[in-house]
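Participant: File follows, target-v3.cif with mmCIF, N, CA and C atoms:
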data_entry
#
loop_
_atom_site.label_atom_id
_atom_site.label_comp_id
_atom_site.auth_asym_id
_atom_site.auth_seq_id
_atom_site.Cartn_x
_atom_site.Cartn_y
_atom_site.Cartn_z
N MET A 1 26.64 -133.37 21.26
CA MET A 1 26.47 -133.67 19.85
C MET A 1 25.07 -133.29 19.37
N ASP A 2 24.08 -133.37 20.25
CA ASP A 2 22.73 -132.98 19.86
C ASP A 2 22.68 -131.51 19.47
N GLU A 3 23.46 -130.69 20.18
CA GLU A 3 23.50 -129.26 19.88
C GLU A 3 24.10 -129.02 18.49
N ILE A 4 25.13 -129.78 18.15
CA ILE A 4 25.74 -129.65 16.84
C ILE A 4 24.77 -130.10 15.75
N ALA A 5 24.10 -131.23 15.99
CA ALA A 5 23.13 -131.73 15.01
C ALA A 5 22.01 -130.71 14.79
N LYS A 6 21.58 -130.06 15.86
CA LYS A 6 20.54 -129.03 15.74
C LYS A 6 21.04 -127.85 14.91
N HIS A 7 22.28 -127.45 15.16
CA HIS A 7 22.89 -126.35 14.41
C HIS A 7 22.99 -126.69 12.92
N VAL A 8 23.44 -127.90 12.62
CA VAL A 8 23.56 -128.33 11.23
C VAL A 8 22.18 -128.32 10.56
N GLU A 9 21.18 -128.81 11.25
CA GLU A 9 19.82 -128.83 10.70
C GLU A 9 19.33 -127.41 10.40
N GLN A 10 19.59 -126.48 11.31
CA GLN A 10 19.19 -125.09 11.10
C GLN A 10 19.92 -124.50 9.89
N CYS A 11 21.22 -124.77 9.78
CA CYS A 11 21.99 -124.29 8.62
C CYS A 11 21.43 -124.87 7.34
N TYR A 12 21.16 -126.17 7.37
CA TYR A 12 20.64 -126.84 6.18
C TYR A 12 19.30 -126.22 5.75
N GLN A 13 18.40 -126.03 6.69
CA GLN A 13 17.08 -125.47 6.38
C GLN A 13 17.20 -124.04 5.85
N TYR A 14 18.10 -123.25 6.43
CA TYR A 14 18.30 -121.88 5.99
C TYR A 14 18.83 -121.83 4.55
N ILE A 15 19.84 -122.63 4.29
CA ILE A 15 20.41 -122.66 2.93
C ILE A 15 19.40 -123.21 1.94
N SER A 16 18.73 -124.28 2.30
CA SER A 16 17.74 -124.90 1.42
C SER A 16 16.62 -123.93 1.06
N SER A 17 16.05 -123.25 2.06
CA SER A 17 14.96 -122.32 1.77
C SER A 17 15.46 -121.14 0.94
N GLY A 18 16.67 -120.69 1.19
CA GLY A 18 17.24 -119.60 0.40
C GLY A 18 17.46 -119.99 -1.05
N MET A 19 17.98 -121.17 -1.27
CA MET A 19 18.21 -121.64 -2.65
C MET A 19 16.89 -121.82 -3.39
N LYS A 20 15.88 -122.36 -2.70
CA LYS A 20 14.57 -122.53 -3.31
C LYS A 20 13.95 -121.18 -3.65
N ALA A 21 14.11 -120.19 -2.76
CA ALA A 21 13.58 -118.84 -3.00
C ALA A 21 14.23 -118.20 -4.21
N LEU A 22 15.46 -118.57 -4.50
CA LEU A 22 16.17 -118.05 -5.67
C LEU A 22 15.84 -118.83 -6.95
N GLY A 23 15.01 -119.85 -6.80
CA GLY A 23 14.56 -120.61 -7.97
C GLY A 23 15.35 -121.87 -8.26
N TYR A 24 16.24 -122.25 -7.36
CA TYR A 24 17.01 -123.48 -7.57
C TYR A 24 16.24 -124.69 -7.07
N GLU A 25 16.48 -125.81 -7.72
CA GLU A 25 15.87 -127.07 -7.30
C GLU A 25 16.86 -127.80 -6.40
N ILE A 26 16.38 -128.26 -5.25
CA ILE A 26 17.20 -129.05 -4.35
C ILE A 26 16.92 -130.51 -4.67
N ASP A 27 17.95 -131.25 -5.04
CA ASP A 27 17.78 -132.62 -5.53
C ASP A 27 18.12 -133.66 -4.45
N THR A 28 18.16 -133.23 -3.21
CA THR A 28 18.39 -134.15 -2.09
C THR A 28 17.06 -134.38 -1.39
N PRO A 29 16.63 -135.63 -1.22
CA PRO A 29 15.34 -135.88 -0.56
C PRO A 29 15.32 -135.29 0.85
N GLU A 30 14.22 -134.62 1.20
CA GLU A 30 14.09 -133.99 2.52
C GLU A 30 14.34 -134.97 3.67
N GLU A 31 13.85 -136.19 3.54
CA GLU A 31 13.98 -137.15 4.65
C GLU A 31 15.37 -137.77 4.74
N ASN A 32 16.21 -137.57 3.73
CA ASN A 32 17.54 -138.21 3.73
C ASN A 32 18.69 -137.22 3.73
N HIS A 33 18.44 -135.98 4.04
CA HIS A 33 19.55 -135.03 3.96
C HIS A 33 20.48 -135.17 5.15
N CYS A 34 21.70 -134.72 4.93
CA CYS A 34 22.69 -134.71 6.00
C CYS A 34 23.20 -133.29 6.12
N HIS A 35 24.47 -133.07 6.07
CA HIS A 35 25.00 -131.71 6.16
C HIS A 35 25.26 -131.10 4.79
N SER A 36 24.83 -131.77 3.73
CA SER A 36 25.03 -131.22 2.40
C SER A 36 23.80 -131.44 1.55
N MET A 37 23.72 -130.71 0.45
CA MET A 37 22.58 -130.84 -0.45
C MET A 37 23.06 -130.73 -1.89
N LEU A 38 22.35 -131.39 -2.78
CA LEU A 38 22.61 -131.27 -4.21
C LEU A 38 21.71 -130.19 -4.77
N VAL A 39 22.30 -129.25 -5.48
CA VAL A 39 21.55 -128.18 -6.12
C VAL A 39 21.68 -128.35 -7.62
N VAL A 40 20.56 -128.27 -8.32
CA VAL A 40 20.55 -128.39 -9.77
C VAL A 40 20.69 -126.99 -10.35
N THR A 41 21.65 -126.81 -11.26
CA THR A 41 21.86 -125.49 -11.87
C THR A 41 22.44 -125.64 -13.26
N LYS A 42 22.09 -124.73 -14.13
CA LYS A 42 22.68 -124.67 -15.47
C LYS A 42 23.92 -123.78 -15.46
N LYS A 43 24.18 -123.10 -14.33
CA LYS A 43 25.30 -122.17 -14.20
C LYS A 43 26.34 -122.71 -13.22
N LYS A 44 26.73 -123.96 -13.40
CA LYS A 44 27.61 -124.62 -12.45
C LYS A 44 28.95 -123.89 -12.30
N GLU A 45 29.57 -123.51 -13.37
CA GLU A 45 30.88 -122.85 -13.29
C GLU A 45 30.77 -121.50 -12.60
N GLU A 46 29.72 -120.73 -12.96
CA GLU A 46 29.51 -119.42 -12.34
C GLU A 46 29.25 -119.58 -10.84
N MET A 47 28.43 -120.56 -10.49
CA MET A 47 28.11 -120.81 -9.09
C MET A 47 29.37 -121.25 -8.34
N ALA A 48 30.15 -122.13 -8.93
CA ALA A 48 31.37 -122.62 -8.30
C ALA A 48 32.36 -121.48 -8.07
N ASP A 49 32.51 -120.59 -9.05
CA ASP A 49 33.41 -119.43 -8.88
C ASP A 49 32.95 -118.55 -7.72
N TYR A 50 31.64 -118.28 -7.67
CA TYR A 50 31.10 -117.45 -6.60
C TYR A 50 31.33 -118.08 -5.24
N PHE A 51 31.02 -119.38 -5.12
CA PHE A 51 31.18 -120.06 -3.83
C PHE A 51 32.64 -120.06 -3.39
N GLN A 52 33.53 -120.31 -4.34
CA GLN A 52 34.96 -120.33 -4.01
C GLN A 52 35.41 -118.96 -3.51
N GLN A 53 34.98 -117.90 -4.14
CA GLN A 53 35.36 -116.55 -3.74
C GLN A 53 34.80 -116.17 -2.38
N HIS A 54 33.67 -116.76 -1.99
CA HIS A 54 33.00 -116.39 -0.74
C HIS A 54 33.15 -117.44 0.36
N GLY A 55 34.00 -118.41 0.17
CA GLY A 55 34.31 -119.38 1.21
C GLY A 55 33.20 -120.37 1.53
N VAL A 56 32.32 -120.62 0.57
CA VAL A 56 31.26 -121.61 0.77
C VAL A 56 31.80 -122.97 0.36
N PHE A 57 31.57 -123.99 1.18
CA PHE A 57 32.04 -125.34 0.86
C PHE A 57 31.14 -125.93 -0.21
N PHE A 58 31.73 -126.37 -1.30
CA PHE A 58 30.97 -126.94 -2.40
C PHE A 58 31.83 -127.96 -3.13
N THR A 59 31.16 -128.80 -3.87
CA THR A 59 31.81 -129.73 -4.78
C THR A 59 31.03 -129.70 -6.07
N ALA A 60 31.71 -129.48 -7.17
CA ALA A 60 31.03 -129.53 -8.47
C ALA A 60 30.73 -130.99 -8.78
N GLY A 61 29.46 -131.33 -8.81
CA GLY A 61 29.04 -132.71 -9.02
C GLY A 61 28.89 -133.06 -10.48
N HIS A 62 28.26 -134.18 -10.74
CA HIS A 62 28.03 -134.65 -12.10
C HIS A 62 26.90 -133.87 -12.75
N GLY A 63 27.01 -133.69 -14.05
CA GLY A 63 25.93 -133.03 -14.79
C GLY A 63 25.71 -131.61 -14.30
N ASP A 64 24.46 -131.30 -14.02
CA ASP A 64 24.08 -129.95 -13.59
C ASP A 64 24.00 -129.83 -12.07
N HIS A 65 24.72 -130.64 -11.33
CA HIS A 65 24.63 -130.64 -9.87
C HIS A 65 25.85 -130.00 -9.21
N VAL A 66 25.58 -129.26 -8.15
CA VAL A 66 26.61 -128.72 -7.27
C VAL A 66 26.22 -129.14 -5.86
N ARG A 67 27.16 -129.68 -5.09
CA ARG A 67 26.88 -130.06 -3.70
C ARG A 67 27.35 -128.95 -2.78
N LEU A 68 26.43 -128.44 -1.97
CA LEU A 68 26.74 -127.41 -0.98
C LEU A 68 26.81 -128.07 0.39
N ALA A 69 27.69 -127.58 1.23
CA ALA A 69 27.82 -128.12 2.58
C ALA A 69 27.41 -127.08 3.61
N ALA A 70 26.64 -127.50 4.58
CA ALA A 70 26.29 -126.66 5.72
C ALA A 70 27.07 -127.21 6.92
N ALA A 71 28.37 -126.96 6.91
CA ALA A 71 29.24 -127.55 7.92
C ALA A 71 29.25 -126.72 9.20
N PRO A 72 29.17 -127.38 10.37
CA PRO A 72 29.14 -126.65 11.62
C PRO A 72 30.51 -126.19 12.11
N PHE A 73 31.59 -126.75 11.59
CA PHE A 73 32.93 -126.41 12.05
C PHE A 73 33.62 -125.59 10.98
N THR A 74 33.94 -124.35 11.30
CA THR A 74 34.60 -123.52 10.30
C THR A 74 35.86 -122.85 10.83
N SER A 75 35.98 -122.69 12.12
CA SER A 75 37.17 -122.02 12.64
C SER A 75 38.25 -123.08 12.92
N GLU A 76 39.48 -122.62 12.91
CA GLU A 76 40.59 -123.52 13.22
C GLU A 76 40.43 -124.11 14.61
N GLU A 77 39.97 -123.31 15.56
CA GLU A 77 39.79 -123.78 16.94
C GLU A 77 38.71 -124.86 17.02
N ASP A 78 37.59 -124.67 16.30
CA ASP A 78 36.52 -125.68 16.28
C ASP A 78 37.02 -127.00 15.71
N ILE A 79 37.76 -126.90 14.62
CA ILE A 79 38.26 -128.13 13.98
C ILE A 79 39.30 -128.80 14.87
N HIS A 80 40.13 -128.01 15.53
CA HIS A 80 41.10 -128.58 16.47
C HIS A 80 40.38 -129.36 17.57
N LYS A 81 39.32 -128.78 18.14
CA LYS A 81 38.54 -129.47 19.19
C LYS A 81 37.92 -130.76 18.65
N LEU A 82 37.42 -130.71 17.43
CA LEU A 82 36.83 -131.90 16.81
C LEU A 82 37.87 -133.00 16.63
N LEU A 83 39.05 -132.64 16.16
CA LEU A 83 40.12 -133.62 15.95
C LEU A 83 40.53 -134.25 17.29
N LYS A 84 40.67 -133.42 18.30
CA LYS A 84 41.07 -133.92 19.62
C LYS A 84 40.01 -134.87 20.19
N ARG A 85 38.74 -134.48 20.05
CA ARG A 85 37.65 -135.33 20.52
C ARG A 85 37.61 -136.65 19.75
N THR A 86 37.86 -136.60 18.45
CA THR A 86 37.87 -137.80 17.62
C THR A 86 38.97 -138.76 18.06
N ILE A 87 40.13 -138.23 18.38
CA ILE A 87 41.25 -139.07 18.82
C ILE A 87 40.95 -139.73 20.16
N LYS A 88 40.22 -139.05 21.04
CA LYS A 88 39.96 -139.58 22.38
C LYS A 88 38.69 -140.42 22.48
N ASP A 89 37.74 -140.24 21.61
CA ASP A 89 36.43 -140.91 21.71
C ASP A 89 36.56 -142.39 21.36
N LYS A 90 36.32 -143.25 22.35
CA LYS A 90 36.46 -144.69 22.15
C LYS A 90 35.25 -145.30 21.45
N ASN A 91 34.10 -144.66 21.52
CA ASN A 91 32.89 -145.21 20.91
C ASN A 91 32.73 -144.83 19.44
N LYS A 92 32.93 -143.55 19.13
CA LYS A 92 32.68 -143.08 17.77
C LYS A 92 33.95 -142.60 17.06
N GLY A 93 35.05 -142.60 17.77
CA GLY A 93 36.28 -142.06 17.19
C GLY A 93 37.41 -143.07 17.17
N LEU A 94 38.60 -142.56 17.36
CA LEU A 94 39.82 -143.37 17.28
C LEU A 94 40.41 -143.65 18.65
N GLY A 95 39.60 -143.44 19.71
CA GLY A 95 40.08 -143.58 21.08
C GLY A 95 40.68 -144.93 21.42
N GLY A 96 40.22 -145.97 20.80
CA GLY A 96 40.75 -147.30 21.07
C GLY A 96 42.01 -147.64 20.32
N TRP A 97 42.49 -146.74 19.50
CA TRP A 97 43.64 -147.02 18.66
C TRP A 97 44.98 -146.72 19.33
N GLY A 98 44.97 -146.03 20.46
CA GLY A 98 46.22 -145.70 21.15
C GLY A 98 47.08 -144.71 20.40
N ILE A 99 46.47 -143.74 19.78
CA ILE A 99 47.20 -142.76 18.97
C ILE A 99 47.88 -141.72 19.87
N SER A 100 49.16 -141.48 19.61
CA SER A 100 49.85 -140.39 20.28
C SER A 100 50.02 -139.26 19.26
N TYR A 101 49.99 -138.03 19.75
CA TYR A 101 50.05 -136.88 18.83
C TYR A 101 50.64 -135.69 19.56
N GLU A 102 51.10 -134.76 18.77
CA GLU A 102 51.57 -133.49 19.32
C GLU A 102 50.49 -132.45 19.05
N GLU A 103 50.26 -131.62 20.05
CA GLU A 103 49.22 -130.60 19.95
C GLU A 103 49.41 -129.71 18.72
N GLU A 104 50.66 -129.36 18.46
CA GLU A 104 50.97 -128.50 17.32
C GLU A 104 50.56 -129.16 16.00
N ALA A 105 50.69 -130.47 15.92
CA ALA A 105 50.30 -131.20 14.70
C ALA A 105 48.80 -131.09 14.46
N LEU A 106 48.00 -131.15 15.54
CA LEU A 106 46.55 -131.00 15.38
C LEU A 106 46.19 -129.60 14.92
N TYR A 107 46.88 -128.60 15.48
CA TYR A 107 46.62 -127.22 15.04
C TYR A 107 47.00 -127.03 13.57
N LEU A 108 48.11 -127.64 13.17
CA LEU A 108 48.54 -127.56 11.78
C LEU A 108 47.51 -128.22 10.86
N LEU A 109 47.03 -129.40 11.24
CA LEU A 109 46.02 -130.10 10.46
C LEU A 109 44.73 -129.27 10.38
N ALA A 110 44.32 -128.68 11.49
CA ALA A 110 43.12 -127.83 11.51
C ALA A 110 43.30 -126.64 10.57
N ASP A 111 44.48 -126.04 10.61
CA ASP A 111 44.76 -124.89 9.75
C ASP A 111 44.77 -125.28 8.28
N MET A 112 45.38 -126.40 7.96
CA MET A 112 45.51 -126.83 6.57
C MET A 112 44.19 -127.33 5.98
N SER A 113 43.20 -127.60 6.82
CA SER A 113 41.92 -128.10 6.32
C SER A 113 41.09 -127.02 5.63
N GLY A 114 41.50 -125.78 5.76
CA GLY A 114 40.79 -124.70 5.09
C GLY A 114 39.39 -124.48 5.63
N GLY A 115 39.16 -124.81 6.89
CA GLY A 115 37.85 -124.61 7.49
C GLY A 115 36.86 -125.72 7.19
N ASP A 116 37.31 -126.81 6.61
CA ASP A 116 36.42 -127.92 6.24
C ASP A 116 36.73 -129.11 7.14
N ALA A 117 35.80 -129.40 8.06
CA ALA A 117 36.00 -130.49 9.01
C ALA A 117 36.15 -131.83 8.31
N ARG A 118 35.48 -132.01 7.18
CA ARG A 118 35.58 -133.27 6.45
C ARG A 118 37.00 -133.53 6.00
N VAL A 119 37.66 -132.51 5.51
CA VAL A 119 39.05 -132.64 5.06
C VAL A 119 39.94 -133.00 6.25
N ALA A 120 39.74 -132.32 7.38
CA ALA A 120 40.55 -132.59 8.57
C ALA A 120 40.34 -134.01 9.06
N LEU A 121 39.09 -134.46 9.14
CA LEU A 121 38.81 -135.81 9.64
C LEU A 121 39.30 -136.89 8.67
N ASP A 122 39.12 -136.65 7.38
CA ASP A 122 39.62 -137.61 6.39
C ASP A 122 41.14 -137.74 6.48
N THR A 123 41.82 -136.61 6.62
CA THR A 123 43.28 -136.61 6.72
C THR A 123 43.72 -137.31 8.01
N LEU A 124 43.04 -137.03 9.12
CA LEU A 124 43.36 -137.69 10.37
C LEU A 124 43.18 -139.21 10.25
N GLY A 125 42.10 -139.63 9.63
CA GLY A 125 41.87 -141.06 9.41
C GLY A 125 42.95 -141.70 8.57
N PHE A 126 43.37 -140.98 7.53
CA PHE A 126 44.44 -141.49 6.66
C PHE A 126 45.74 -141.63 7.43
N ILE A 127 46.07 -140.62 8.23
CA ILE A 127 47.31 -140.64 9.02
C ILE A 127 47.26 -141.76 10.05
N ALA A 128 46.13 -141.92 10.71
CA ALA A 128 45.99 -142.94 11.77
C ALA A 128 46.05 -144.35 11.22
N ASP A 129 45.55 -144.52 10.02
CA ASP A 129 45.52 -145.83 9.40
C ASP A 129 46.90 -146.24 8.98
#
Would you kindly transcribe this structure into structure tokens?
Facilitator:
Amino acid sequence: MDEIAKHVEQCYQYISSGMKALGYEIDTPEENHCHSMLVVTKKKEEMADYFQQHGVFFTAGHGDHVRLAAAPFTSEEDIHKLLKRTIKDKNKGLGGWGISYEEEALYLLADMSGGDARVALDTLGFIAD
């Protein structure tokens, strides 16, 4: 997990410095960032269209804000591994729940998540609950 956290931090720093170099304001405090950042822009619709066309994870926020994600899991295989680990992990996942699953269902969920681990994990949590 430390390796993943390091990767996310590198992605975050790369995206953050690039957005700042382009003149955008990052509205997420440096000490409190996670895998996403709020970007202030007057061109929210234009930015959202561009991100959607280029496969960048984003959410159009309130006002002049767009949230960008620097997610470490983008391939179907990566998300499948994450889902499987989440189901088995007794400390941080659903390992204590006694969940049974079919491998094909996890691959389907990974595929349907569109490369967004948050969507896959949220859906898995909803199904498990």
Participant: Could you check the closest approach to Leu68 in chain A for each of A:Ala48, A:Leu22, A:Ala110, A:Lys6 and tell me which residue wins, using only C-alpha atoms?
Facilitator: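 The closest residue to Leu68 in chain A is A:Ala48.
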Participant: So how many Å separate atom C of Lys84 in chain A and atom N of Gly115 in chain A, to one decimal?
Facilitator: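 Distance between the two atoms: 16.7 Å.
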Participant: Select, from A:Val40, A:Leu106, A:Thr123, A:Ala117, the residue with the minimum atom-to-atom distance to Ile26 in chain A, counting all atoms listed in the file.
Facilitator: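 Looking only at the distances to Ile26 in chain A, the closest residue turns out to be A:Val40.
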Participant: Between A:His80, A:Lys44, A:Arg85, A:Lys92, which one has atoms that come closest to Arg67 in chain A, using only C-alpha atoms?
Facilitator: A:Lys44
Participant: Closest to Leu121 in chain A among A:Gln10, A:Trp97, A:Lys88, A:Leu83, using all atoms listed in the file?
Facilitator: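 Checking each candidate against Leu121 in chain A, we get A:Leu83 as the closest.
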Participant: What are the DSSP alpha helix (DSSP H) residues of range 36-103 of chain A, as a list in words?
Facilitator: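 In range 36-103 of chain A, DSSP puts these residues in alpha helix (DSSP H): Lys44, Glu45, Glu46, Met47, Ala48, Asp49, Tyr50, Phe51, Gln52, Gln53, Glu76, Glu77, Asp78, Ile79, His80, Lys81, Leu82, Leu83, Lys84, Arg85, Thr86, Ile87, Lys88 and Glu103 of chain A.
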Participant: Range 106-109 of chain A, all listed atoms, 4 Å padding on each side: what axis-aligned box centre and edge lengths in Å to one decimal come out, as AutoDock Vina command-line options?
Facilitator:
--center_x 46.6 --center_y -129.1 --center_z 13.0 --size_x 11.8 --size_y 12.1 --size_z 13.2
Participant: Using all atoms listed in the file, find the one residue out of A:Tyr24, A:Gly114, A:Gln13, A:Asp122 that sits nearest to Ser75 in chain A.
Facilitator: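 Closest residue, counting all atoms listed in the file: A:Gly114.
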Participant: So how far away is CA of Leu38 in chain A from CA of His65 in chain A, in Å?
Facilitator: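 For CA of His65 in chain A relative to CA of Leu38 in chain A, the distance reads 6.0 Å.
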Participant: Between A:Val119, A:Cys11, A:Ile99, A:Ala105, which has the minimum distance to Ile87 in chain A (counting all atoms listed in the file)?
Facilitator: A:Ile99
